[in-house]
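A.B. asks: Sharing structure.csv below, CSV, C-alpha atoms and all ligand atoms:
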```csv
chain,number,residue,atom,x,y,z
A,902,MET,CA,55.5,-5.7,60.7
A,903,GLY,CA,55.6,-2.1,62.0
A,904,ALA,CA,56.1,-0.9,65.5
A,905,ALA,CA,52.4,-0.7,66.2
A,906,ALA,CA,51.8,-4.3,65.3
A,907,LEU,CA,54.8,-5.3,67.3
A,908,MET,CA,53.2,-3.7,70.4
A,909,ALA,CA,50.1,-5.7,70.0
A,910,SER,CA,51.8,-9.0,70.0
A,911,SER,CA,55.1,-8.4,71.9
A,912,SER,CA,56.5,-11.1,74.2
A,913,LYS,CA,59.4,-10.8,76.7
A,914,VAL,CA,62.6,-12.7,76.1
A,915,SER,CA,65.4,-13.7,78.5
A,916,VAL,CA,68.8,-14.8,77.5
A,917,PHE,CA,71.5,-16.4,79.7
A,918,ALA,CA,75.1,-16.1,78.7
A,919,PRO,CA,77.7,-18.3,80.4
A,920,ALA,CA,81.1,-17.8,82.1
A,921,SER,CA,84.2,-18.5,80.1
A,922,ILE,CA,88.0,-19.1,80.6
A,923,GLY,CA,89.9,-16.6,78.4
A,924,ASN,CA,93.3,-17.6,77.1
A,925,VAL,CA,93.2,-21.2,78.4
A,926,SER,CA,96.9,-20.6,79.2
A,927,VAL,CA,98.3,-21.2,75.8
A,928,GLY,CA,96.2,-18.9,73.7
A,929,PHE,CA,96.5,-15.3,75.0
A,930,ASP,CA,93.5,-13.5,73.4
A,931,VAL,CA,93.0,-16.3,70.9
A,932,LEU,CA,91.5,-19.2,72.9
A,933,GLY,CA,88.4,-19.3,75.1
A,934,LEU,CA,86.3,-22.0,76.7
A,935,ALA,CA,82.7,-21.7,77.9
A,936,VAL,CA,82.0,-23.5,81.2
A,937,LYS,CA,78.9,-24.5,83.3
A,938,PRO,CA,78.7,-25.8,86.8
A,939,ILE,CA,77.7,-29.5,87.0
A,940,ASP,CA,75.2,-28.8,89.8
A,941,GLY,CA,73.0,-26.6,87.4
A,942,THR,CA,73.9,-23.2,88.9
A,943,LEU,CA,73.6,-20.5,86.3
A,944,LEU,CA,77.1,-19.1,86.3
A,945,GLY,CA,76.6,-16.2,83.9
A,946,ASP,CA,74.4,-13.1,83.4
A,947,VAL,CA,70.7,-13.0,82.3
A,948,VAL,CA,69.3,-10.1,80.3
A,949,SER,CA,65.5,-9.8,79.7
A,950,VAL,CA,64.0,-7.6,77.1
A,951,GLU,CA,60.4,-6.5,76.9
A,952,LEU,CA,58.4,-3.9,75.1
A,953,ALA,CA,58.2,-0.5,76.8
A,954,GLU,CA,54.4,0.3,76.7
A,955,THR,CA,53.3,3.8,75.9
A,956,THR,CA,51.5,5.5,78.8
A,957,GLU,CA,47.8,6.3,78.8
A,958,SER,CA,48.6,9.9,78.0
A,959,ASP,CA,50.3,8.5,74.9
A,960,VAL,CA,53.7,9.9,76.0
A,961,GLN,CA,56.5,8.4,73.9
A,962,ALA,CA,57.8,5.2,75.7
A,963,GLU,CA,61.4,5.3,76.7
A,964,ASN,CA,64.2,2.8,76.9
A,965,THR,CA,65.0,1.7,80.5
A,966,LEU,CA,67.6,-0.5,82.1
A,967,LYS,CA,67.1,-2.1,85.6
A,968,VAL,CA,70.0,-4.0,87.2
A,969,ILE,CA,69.3,-6.7,89.8
A,970,GLY,CA,71.3,-9.7,91.1
A,971,ARG,CA,74.1,-10.6,93.5
A,972,PHE,CA,76.7,-8.3,91.9
A,973,ALA,CA,74.4,-5.5,90.8
A,974,ASP,CA,75.9,-3.1,93.4
A,975,LYS,CA,79.4,-3.6,91.9
A,976,LEU,CA,78.3,-1.9,88.7
A,977,PRO,CA,78.2,1.9,87.9
A,978,THR,CA,74.9,3.4,89.0
A,979,ALA,CA,74.3,5.5,85.9
A,980,LYS,CA,72.6,3.4,83.2
A,981,GLU,CA,74.7,5.1,80.5
A,982,ASP,CA,77.9,3.6,82.1
A,983,ASN,CA,76.5,0.1,82.0
A,984,ILE,CA,77.8,-1.9,79.0
A,985,VAL,CA,74.2,-3.3,78.5
A,986,TRP,CA,73.1,0.3,77.7
A,987,SER,CA,75.9,0.7,75.1
A,988,CYS,CA,74.8,-2.6,73.6
A,989,LEU,CA,71.2,-1.3,73.2
A,990,LEU,CA,72.5,1.9,71.5
A,991,LEU,CA,74.7,-0.1,69.1
A,992,PHE,CA,71.9,-2.6,68.3
A,993,ASN,CA,69.5,0.3,67.6
A,994,GLN,CA,72.1,2.0,65.4
A,995,ALA,CA,72.5,-1.3,63.4
A,996,LEU,CA,68.7,-1.6,63.1
A,997,ALA,CA,68.5,2.0,61.7
A,998,GLU,CA,71.2,1.2,59.2
A,999,GLN,CA,69.1,-1.7,58.0
A,1000,GLY,CA,66.0,0.5,57.8
A,1001,GLN,CA,64.3,-1.5,60.5
A,1002,PRO,CA,61.7,0.0,62.8
A,1003,ILE,CA,63.0,0.5,66.4
A,1004,VAL,CA,60.8,0.3,69.5
A,1005,ALA,CA,61.5,1.3,73.1
A,1006,VAL,CA,62.4,-1.5,75.4
A,1007,HIS,CA,62.6,-2.3,79.1
A,1008,MET,CA,65.8,-4.2,79.7
A,1009,THR,CA,66.7,-6.0,83.0
A,1010,LEU,CA,70.2,-7.2,83.7
A,1011,ASP,CA,70.5,-10.0,86.3
A,1012,LYS,CA,74.2,-9.5,87.2
A,1013,LYS,CA,75.1,-12.9,88.6
A,1014,MET,CA,78.8,-12.5,87.6
A,1015,PRO,CA,81.4,-10.8,89.7
A,1016,VAL,CA,83.1,-7.9,87.9
A,1017,GLY,CA,86.8,-8.1,87.2
A,1018,SER,CA,86.8,-11.8,88.0
A,1019,GLY,CA,88.5,-13.4,85.0
A,1020,LEU,CA,85.2,-15.3,84.3
A,1021,GLY,CA,84.3,-13.0,81.4
A,1022,SER,CA,81.9,-11.0,83.4
A,1023,SER,CA,81.5,-8.1,80.9
A,1024,ALA,CA,81.3,-10.6,78.1
A,1025,CYS,CA,78.4,-12.2,79.8
A,1026,SER,CA,76.5,-8.9,80.0
A,1027,VAL,CA,77.4,-8.0,76.4
A,1028,VAL,CA,76.4,-11.3,74.9
A,1029,ALA,CA,73.2,-11.7,77.0
A,1030,ALA,CA,72.2,-8.1,76.0
A,1031,LEU,CA,72.9,-8.4,72.3
A,1032,ALA,CA,71.6,-12.0,72.0
A,1033,GLY,CA,68.5,-10.9,74.1
A,1034,LEU,CA,67.8,-8.0,71.8
A,1035,ASN,CA,68.3,-10.1,68.7
A,1036,ALA,CA,65.9,-12.8,70.1
A,1037,PHE,CA,63.3,-10.1,71.0
A,1038,TYR,CA,63.3,-8.6,67.5
A,1039,SER,CA,63.4,-12.1,65.9
A,1040,LYS,CA,60.3,-13.1,67.9
A,1041,ASN,CA,58.3,-9.9,67.7
A,1042,GLN,CA,59.4,-8.3,64.5
A,1043,GLN,CA,60.7,-11.3,62.4
A,1044,PHE,CA,64.0,-9.6,62.0
A,1045,SER,CA,67.4,-10.7,63.4
A,1046,PHE,CA,71.1,-10.1,62.7
A,1047,ASP,CA,73.0,-13.2,61.6
A,1048,GLU,CA,75.5,-14.9,63.9
A,1049,LYS,CA,78.6,-13.3,62.5
A,1050,THR,CA,77.2,-9.8,62.6
A,1051,LEU,CA,76.1,-10.2,66.2
A,1052,LEU,CA,79.5,-11.7,67.1
A,1053,LYS,CA,81.2,-8.6,65.6
A,1054,MET,CA,79.0,-6.4,67.7
A,1055,THR,CA,79.9,-8.3,70.9
A,1056,GLY,CA,83.6,-7.8,70.0
A,1057,GLN,CA,83.1,-4.1,69.5
A,1058,MET,CA,81.4,-3.8,73.0
A,1059,GLU,CA,84.1,-5.9,74.7
A,1060,ALA,CA,86.7,-3.6,73.2
A,1061,GLN,CA,84.9,-0.5,74.5
A,1062,ILE,CA,84.9,-1.8,78.0
A,1063,SER,CA,88.3,-3.5,78.3
A,1064,GLY,CA,90.3,-1.1,76.0
A,1065,SER,CA,91.3,-3.7,73.4
A,1066,LEU,CA,89.6,-6.0,70.9
A,1067,HIS,CA,89.8,-9.6,72.0
A,1068,TYR,CA,87.1,-12.2,71.4
A,1069,ASP,CA,88.4,-14.9,73.7
A,1070,ASN,CA,85.5,-14.3,76.2
A,1071,VAL,CA,82.7,-13.1,74.0
A,1072,ALA,CA,83.1,-15.9,71.3
A,1073,PRO,CA,82.8,-18.9,73.6
A,1074,CYS,CA,80.2,-17.1,75.7
A,1075,TYR,CA,78.0,-16.6,72.6
A,1076,LEU,CA,78.8,-19.7,70.6
A,1077,GLY,CA,79.7,-22.2,73.4
A,1078,GLY,CA,82.6,-24.7,73.6
A,1079,LEU,CA,86.3,-24.2,73.0
A,1080,GLN,CA,86.8,-21.4,70.5
A,1081,LEU,CA,89.9,-20.4,68.5
A,1082,MET,CA,90.1,-16.8,67.3
A,1083,VAL,CA,91.0,-16.7,63.6
A,1084,PRO,CA,92.5,-13.5,62.1
A,1085,ASP,CA,89.9,-13.4,59.3
A,1086,PRO,CA,86.9,-11.0,59.7
A,1087,GLU,CA,84.8,-13.5,57.8
A,1088,VAL,CA,85.5,-16.3,60.3
A,1089,ILE,CA,86.5,-14.6,63.6
A,1090,SER,CA,86.2,-17.8,65.7
A,1091,ARG,CA,86.3,-21.5,65.0
A,1092,LEU,CA,85.0,-24.3,67.3
A,1093,LEU,CA,87.8,-26.7,68.4
A,1094,PRO,CA,87.0,-30.2,69.6
A,1095,GLY,CA,87.6,-29.8,73.3
A,1096,PHE,CA,87.8,-32.3,76.2
A,1097,ASN,CA,84.2,-32.5,77.2
A,1098,ASP,CA,84.6,-35.4,79.7
A,1099,CYS,CA,87.0,-33.3,81.8
A,1100,TYR,CA,86.2,-31.3,84.9
A,1101,TYR,CA,87.2,-27.6,85.2
A,1102,VAL,CA,87.3,-26.4,88.8
A,1103,MET,CA,86.8,-22.6,88.8
A,1104,ALA,CA,87.8,-20.8,92.0
A,1105,TYR,CA,87.0,-17.0,92.2
A,1106,PRO,CA,88.7,-15.7,95.4
A,1107,GLY,CA,86.3,-12.7,95.8
A,1108,ILE,CA,88.7,-9.9,94.9
A,1109,GLU,CA,88.7,-7.7,91.8
A,1110,VAL,CA,91.4,-7.5,89.2
A,1111,SER,CA,90.6,-5.1,86.3
A,1112,THR,CA,91.4,-6.5,82.8
A,1113,LYS,CA,93.0,-3.1,81.9
A,1114,ALA,CA,95.4,-3.2,84.9
A,1115,ALA,CA,96.2,-6.9,84.2
A,1116,ARG,CA,97.1,-6.0,80.6
A,1117,GLU,CA,99.3,-3.1,81.7
A,1118,VAL,CA,101.7,-5.3,83.6
A,1119,LEU,CA,102.5,-7.3,80.5
A,1120,PRO,CA,105.7,-6.6,78.6
A,1121,THR,CA,105.5,-5.0,75.2
A,1122,SER,CA,108.0,-7.4,73.6
A,1123,TYR,CA,109.1,-11.0,74.2
A,1124,SER,CA,112.3,-12.9,73.8
A,1125,ARG,CA,112.8,-15.2,70.9
A,1126,ALA,CA,112.8,-18.2,73.3
A,1127,ASP,CA,109.3,-17.2,74.6
A,1128,VAL,CA,108.0,-16.7,71.1
A,1129,ILE,CA,109.1,-20.2,70.1
A,1130,SER,CA,107.6,-21.7,73.3
A,1131,TYR,CA,104.3,-19.8,72.8
A,1132,GLY,CA,104.0,-21.0,69.2
A,1133,GLN,CA,104.9,-24.5,70.0
A,1134,ASN,CA,102.6,-24.8,73.0
A,1135,LEU,CA,99.6,-23.4,71.1
A,1136,ALA,CA,100.2,-25.4,67.9
A,1137,THR,CA,100.7,-28.6,69.9
A,1138,PHE,CA,97.6,-28.0,72.0
A,1139,VAL,CA,95.4,-27.3,68.9
A,1140,ASP,CA,96.8,-30.4,67.2
A,1141,ALA,CA,96.2,-32.5,70.3
A,1142,CYS,CA,92.6,-31.2,70.5
A,1143,HIS,CA,92.0,-32.4,67.0
A,1144,ARG,CA,93.5,-35.8,67.8
A,1145,GLN,CA,91.7,-35.8,71.2
A,1146,ASP,CA,95.1,-36.5,72.8
A,1147,LYS,CA,94.5,-35.4,76.4
A,1148,VAL,CA,97.9,-36.2,77.7
A,1149,GLN,CA,99.7,-34.2,75.0
A,1150,ALA,CA,97.2,-31.3,75.2
A,1151,PHE,CA,97.5,-30.8,78.9
A,1152,SER,CA,101.3,-31.4,79.0
A,1153,VAL,CA,101.8,-28.1,77.0
A,1154,LEU,CA,99.2,-26.0,78.8
A,1155,THR,CA,101.9,-23.5,80.0
A,1156,ASP,CA,101.5,-19.8,79.7
A,1157,VAL,CA,104.7,-17.8,78.8
A,1158,VAL,CA,102.9,-14.6,77.8
A,1159,ALA,CA,100.8,-13.5,80.7
A,1160,GLU,CA,100.9,-15.7,83.8
A,1161,PRO,CA,104.6,-15.0,84.7
A,1162,TYR,CA,103.8,-11.3,84.9
A,1163,ARG,CA,100.3,-11.5,86.4
A,1164,VAL,CA,101.1,-13.9,89.2
A,1165,ASN,CA,102.1,-11.0,91.5
A,1166,LEU,CA,98.6,-9.6,91.2
A,1167,LEU,CA,97.1,-12.8,92.5
A,1168,PRO,CA,97.7,-13.5,96.2
A,1169,LYS,CA,98.0,-17.3,96.9
A,1170,TYR,CA,97.9,-18.2,93.2
A,1171,GLN,CA,101.4,-19.8,93.0
A,1172,GLN,CA,100.9,-21.8,96.2
A,1173,ALA,CA,97.5,-23.1,94.9
A,1174,HIS,CA,99.0,-23.9,91.5
A,1175,ASP,CA,101.9,-25.9,92.9
A,1176,TYR,CA,99.7,-27.8,95.4
A,1177,LEU,CA,97.1,-28.8,92.8
A,1178,MET,CA,99.7,-29.9,90.2
A,1179,ALA,CA,101.5,-32.0,92.9
A,1180,GLU,CA,98.1,-33.6,93.7
A,1181,GLY,CA,97.8,-34.8,90.1
A,1182,ALA,CA,95.7,-32.1,88.3
A,1183,HIS,CA,96.2,-32.1,84.6
A,1184,ALA,CA,96.7,-28.3,84.4
A,1185,VAL,CA,96.2,-25.2,86.5
A,1186,GLY,CA,96.0,-21.7,85.1
A,1187,ILE,CA,94.7,-18.2,85.4
A,1188,SER,CA,91.2,-17.8,83.9
A,1189,GLY,CA,91.4,-14.7,81.6
A,1190,SER,CA,93.1,-11.9,83.4
A,1191,GLY,CA,92.4,-13.4,86.8
A,1192,PRO,CA,91.9,-13.6,89.8
A,1193,THR,CA,89.9,-16.8,89.1
A,1194,LEU,CA,92.0,-19.9,88.9
A,1195,PHE,CA,91.0,-22.9,86.8
A,1196,CYS,CA,92.1,-26.5,87.4
A,1197,ILE,CA,91.6,-29.4,85.0
A,1198,CYS,CA,91.1,-33.1,85.9
A,1199,ASP,CA,89.1,-35.9,84.5
A,1200,ASN,CA,87.6,-37.4,87.6
A,1201,ALA,CA,84.6,-36.1,89.5
A,1202,GLU,CA,85.8,-37.1,92.9
A,1203,GLN,CA,89.2,-35.5,92.3
A,1204,ALA,CA,87.4,-32.3,91.1
A,1205,HIS,CA,85.3,-32.2,94.3
A,1206,ASN,CA,88.4,-32.7,96.5
A,1207,TYR,CA,90.2,-29.8,94.7
A,1208,ALA,CA,87.1,-27.6,95.1
A,1209,LEU,CA,87.1,-28.2,98.8
A,1210,TRP,CA,90.8,-27.4,99.1
A,1211,LEU,CA,90.4,-24.3,97.0
A,1212,LYS,CA,87.4,-23.1,99.2
A,1213,GLU,CA,89.7,-23.4,102.3
A,1214,ASN,CA,92.9,-22.1,100.7
A,1215,TYR,CA,92.2,-19.8,97.8
A,1216,LEU,CA,89.1,-17.7,98.7
A,1217,GLN,CA,89.8,-14.4,100.3
A,1218,THR,CA,86.4,-12.7,100.9
A,1219,ASP,CA,82.8,-13.7,101.4
A,1220,LEU,CA,82.1,-13.0,97.7
A,1221,GLY,CA,84.4,-15.8,96.6
A,1222,PHE,CA,83.1,-19.2,95.3
A,1223,VAL,CA,84.2,-22.4,93.8
A,1224,HIS,CA,82.3,-24.4,91.1
A,1225,VAL,CA,83.0,-27.8,89.5
A,1226,CYS,CA,82.3,-27.2,85.9
A,1227,GLN,CA,82.3,-28.9,82.5
A,1228,VAL,CA,82.3,-27.5,79.0
A,1229,ASP,CA,79.2,-25.4,78.1
A,1230,ASP,CA,78.5,-26.4,74.5
A,1231,ALA,CA,75.4,-24.3,74.2
A,1232,GLY,CA,76.7,-20.8,74.7
A,1233,ALA,CA,74.0,-18.1,75.0
A,1234,ILE,CA,70.5,-19.6,75.3
A,1235,GLU,CA,67.0,-18.3,75.7
A,1236,ILE,CA,65.6,-19.3,79.1
B,1,LIG,N1,77.3,-5.0,82.7
B,1,LIG,C1,78.6,-4.9,83.1
B,1,LIG,N2,79.3,-6.0,83.4
B,1,LIG,C2,80.6,-5.9,83.8
B,1,LIG,N3,81.2,-4.8,83.9
B,1,LIG,C3,80.6,-3.7,83.6
B,1,LIG,C4,79.2,-3.7,83.1
B,1,LIG,N4,78.9,-2.5,82.9
B,1,LIG,C5,79.9,-1.7,83.1
B,1,LIG,N5,80.9,-2.4,83.6
B,1,LIG,C6,82.2,-1.8,84.0
B,1,LIG,O1,83.2,-2.3,83.1
B,1,LIG,C7,84.4,-2.6,83.7
B,1,LIG,C8,84.7,-4.1,83.4
B,1,LIG,O2,86.0,-4.3,83.8
B,1,LIG,P1,86.8,-5.6,83.4
B,1,LIG,O3,86.9,-5.7,81.9
B,1,LIG,O4,88.1,-5.6,84.2
B,1,LIG,O5,85.9,-6.7,84.0
B,1,LIG,P2,85.2,-8.0,83.5
B,1,LIG,O6,84.9,-8.0,82.1
B,1,LIG,O7,84.1,-8.1,84.5
B,1,LIG,O8,86.4,-8.9,83.8
B,1,LIG,P3,86.6,-10.4,83.4
B,1,LIG,O9,86.6,-10.5,81.9
B,1,LIG,O10,88.0,-10.5,83.9
B,1,LIG,O11,85.6,-11.2,84.1
B,1,LIG,C9,84.2,-2.4,85.2
B,1,LIG,O12,84.7,-1.1,85.5
B,1,LIG,C10,82.7,-2.3,85.3
B,1,LIG,O13,82.2,-1.5,86.4
B,2,LIG,N1,92.6,-12.3,77.0
B,2,LIG,C1,92.3,-11.4,77.9
B,2,LIG,C2,91.1,-11.9,78.7
B,2,LIG,C3,90.5,-10.9,79.7
B,2,LIG,O1,89.5,-11.5,80.5
B,2,LIG,C4,93.4,-11.1,78.9
B,2,LIG,O2,94.0,-12.1,79.3
B,2,LIG,O3,93.7,-9.9,79.1
```
Please go through the file and, once you have read it, give me the structure as structure tokens.

C.D. replies:
Amino acid sequence: MGAAALMASSSKVSVFAPASIGNVSVGFDVLGLAVKPIDGTLLGDVVSVELAETTESDVQAENTLKVIGRFADKLPTAKEDNIVWSCLLLFNQALAEQGQPIVAVHMTLDKKMPVGSGLGSSACSVVAALAGLNAFYSKNQQFSFDEKTLLKMTGQMEAQISGSLHYDNVAPCYLGGLQLMVPDPEVISRLLPGFNDCYYVMAYPGIEVSTKAAREVLPTSYSRADVISYGQNLATFVDACHRQDKVQAFSVLTDVVAEPYRVNLLPKYQQAHDYLMAEGAHAVGISGSGPTLFCICDNAEQAHNYALWLKENYLQTDLGFVHVCQVDDAGAIEI
């Protein structure tokens, strides 16, 4: 179908992409978990894509980007500085390489996710944009990129914005569930059996920590003892996931790579960590590069009590929030 035919039958698509916990404590840059609030709140970004109509004077239609939502004012004002715009340029370049016709589109980003939160905010925008464009072309032009190609594009965009290639937010955000990054470009990410009956309390304190800054505080080399602990914790966790051994999995959820160095960037984190662990939480950690804290337990009442305590004791500005979540198995979805 050519661009003209597309215009006649074009329909709008909207894609939601969920929040995620990067690292999951034991897998720096190599583990990520998609999460969703149990009360149905959409914790993630939504990108809508529709055809840009040509005007009556038949002037060539142009691509546009509109940003709305609670955290819209936290993003750069120039559309060229928004990662969604970069996603559009990358997607169009990939279409051109395939010899596919390209049409002008109106994109809308509903920025529901706080920036620099540790919830994978840029990943949500990247995934919603690329999956949204893919769904738009699939619906209107019967052409789409396969899952692996699209995943690679999400990695490329995340690298552009954060300064390094890591899939631990984009992969779970796109594919859902608990994802392990595999150093094989033909695989990239593999779904692990997670603990889907558990509750993940997510507390965003309302302050910003940039991923770049949080990576700069990390050492460039580690002691042999830390390397051994890291390998042992990650291997034990992955093995325990496959055996669905919750006790073993959560007993090794200790971060020796990032948390000891990032803790100073996060006011009240250590105090909250120690309180929740003493109260019986399975594990407490920094979500991605912070400042969001995650806390795992397997009882809804306990999760609500922890959420209340975190609201009182971890939030620092009006922008902060706490959500009781579970695993999001779906990843990016059309809504
Ligand atoms: N659509 C977008 N979503 C998020 N950040 C964006 C977007 N477009 C541009 N940016 C800019 O990219 C940078 C993202 O920084 P950073 O990687 O620290 O945040 P993040 O991805 O929101 O964090 P996290 O992964 O910890 O949630 C910010 O400077 C932000 O202004
Ligand atoms: N793995 C990344 C996640 C960033 O959200 C980091 O911890 O720096």

A.B. asks: Give me, as a PyMOL selection string, the set of residues whose atoms come within 10 Å of any atom of ligand LIG 2 (chain B), counting only C-alpha atoms and all ligand atoms.

C.D. replies: chain A and resi 921-926+928-933+1017-1024+1059+1063-1071+1110-1117+1119+1158-1160+1163+1187-1192

A.B. asks: Using all atoms listed in the file, can you tell me which of A:Asn1097, A:Ser1122, A:Asn1134, A:Thr1193 comes closest to ligand LIG 1 (chain B)?

C.D. replies: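 Looking only at the distances to ligand LIG 1 (chain B), the closest residue turns out to be A:Thr1193.
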
A.B. asks: Take the point (68.9, -8.1, 73.0) as written in the file and pick out every residue within 9 Å of it, counting all atoms listed in the file; give the list as a PyMOL selection string.

C.D. replies: chain A and resi 914-916+948-950+988-989+992+1008+1028-1038

A.B. asks: Excluding Val1027 of chain A and residues on its chain fewer than 6 positions from it, collect all residues at most 7 Å away from it, counting all atoms listed in the file, and give them as JSON, numbers by chain.

C.D. replies: {"A": [984, 985, 988, 1055, 1058]}

A.B. asks: Just to be explicit: take each residue in the selection above, keep C-alpha atoms, and write the result as an mmCIF file, in the coordinates of the input.

C.D. replies:
```cif
data_model
loop_
_atom_site.group_PDB
_atom_site.id
_atom_site.type_symbol
_atom_site.label_atom_id
_atom_site.label_comp_id
_atom_site.auth_asym_id
_atom_site.auth_seq_id
_atom_site.Cartn_x
_atom_site.Cartn_y
_atom_site.Cartn_z
ATOM 1 C CA ILE A 984 77.800 -1.900 79.000
ATOM 2 C CA VAL A 985 74.200 -3.300 78.500
ATOM 3 C CA CYS A 988 74.800 -2.600 73.600
ATOM 4 C CA THR A 1055 79.900 -8.300 70.900
ATOM 5 C CA MET A 1058 81.400 -3.800 73.000
#
```

A.B. asks: Write out as a PyMOL selection string the residues lying within 12 Å of segment 1041-1050 of chain A, counting only C-alpha atoms and excluding same-chain residues fewer than 5 positions away.

C.D. replies: chain A and resi 902-914+950-952+991-993+995-996+998-1004+1028+1031-1036+1055-1057+1072+1075-1076+1085-1091+1233

A.B. asks: One decimal, in Å: what's the spacing between atom CA of Gln1061 of chain A and atom CA of Pro1015 of chain A?

C.D. replies: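 Value for the atom CA of Gln1061 of chain A-atom CA of Pro1015 of chain A distance: 18.7 Å.
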
A.B. asks: Given the choices A:Thr942, A:Thr1155, A:Ser987, A:Gln1172, which gets closest to Lys1013 of chain A if the distance is worked out from only C-alpha atoms?

C.D. replies: A:Thr942

A.B. asks: Find the residues near Tyr1207 of chain A: any atom within 10 Å, counting all atoms listed in the file, skip ones fewer than 5 places away on the same chain, and give them as a PDB file with C-alpha atoms, in the coordinates of the input.

C.D. replies:
```pdb
ATOM      1  CA  VAL A1102      87.300 -26.400  88.800  1.00  0.00           C
ATOM      2  CA  MET A1103      86.800 -22.600  88.800  1.00  0.00           C
ATOM      3  CA  ALA A1104      87.800 -20.800  92.000  1.00  0.00           C
ATOM      4  CA  ALA A1173      97.500 -23.100  94.900  1.00  0.00           C
ATOM      5  CA  TYR A1176      99.700 -27.800  95.400  1.00  0.00           C
ATOM      6  CA  LEU A1177      97.100 -28.800  92.800  1.00  0.00           C
ATOM      7  CA  GLU A1180      98.100 -33.600  93.700  1.00  0.00           C
ATOM      8  CA  ALA A1182      95.700 -32.100  88.300  1.00  0.00           C
ATOM      9  CA  CYS A1196      92.100 -26.500  87.400  1.00  0.00           C
ATOM     10  CA  ILE A1197      91.600 -29.400  85.000  1.00  0.00           C
ATOM     11  CA  CYS A1198      91.100 -33.100  85.900  1.00  0.00           C
ATOM     12  CA  ALA A1201      84.600 -36.100  89.500  1.00  0.00           C
ATOM     13  CA  GLU A1202      85.800 -37.100  92.900  1.00  0.00           C
ATOM     14  CA  LYS A1212      87.400 -23.100  99.200  1.00  0.00           C
ATOM     15  CA  GLU A1213      89.700 -23.400 102.300  1.00  0.00           C
ATOM     16  CA  VAL A1223      84.200 -22.400  93.800  1.00  0.00           C
ATOM     17  CA  VAL A1225      83.000 -27.800  89.500  1.00  0.00           C
TER      18      VAL A1225
END
```

A.B. asks: What's around Gln1133 of chain A at 12 Å? Count all atoms listed in the file, leave out sequence neighbours fewer than 3 positions away in its own chain, and write the answer as JSON, numbers by chain.

C.D. replies: {"A": [927, 928, 1126, 1127, 1128, 1129, 1130, 1136, 1137, 1138, 1139, 1140, 1141, 1150, 1152, 1153, 1154, 1155, 1156, 1157]}

A.B. asks: Hey, which of A:Ala1179, A:Tyr1105, A:Leu1135, A:Gly1095 ends up closest to Asn1214 of chain A? Count all atoms listed in the file.

C.D. replies: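 Using all atoms listed in the file, Asn1214 of chain A sits closest to A:Tyr1105.
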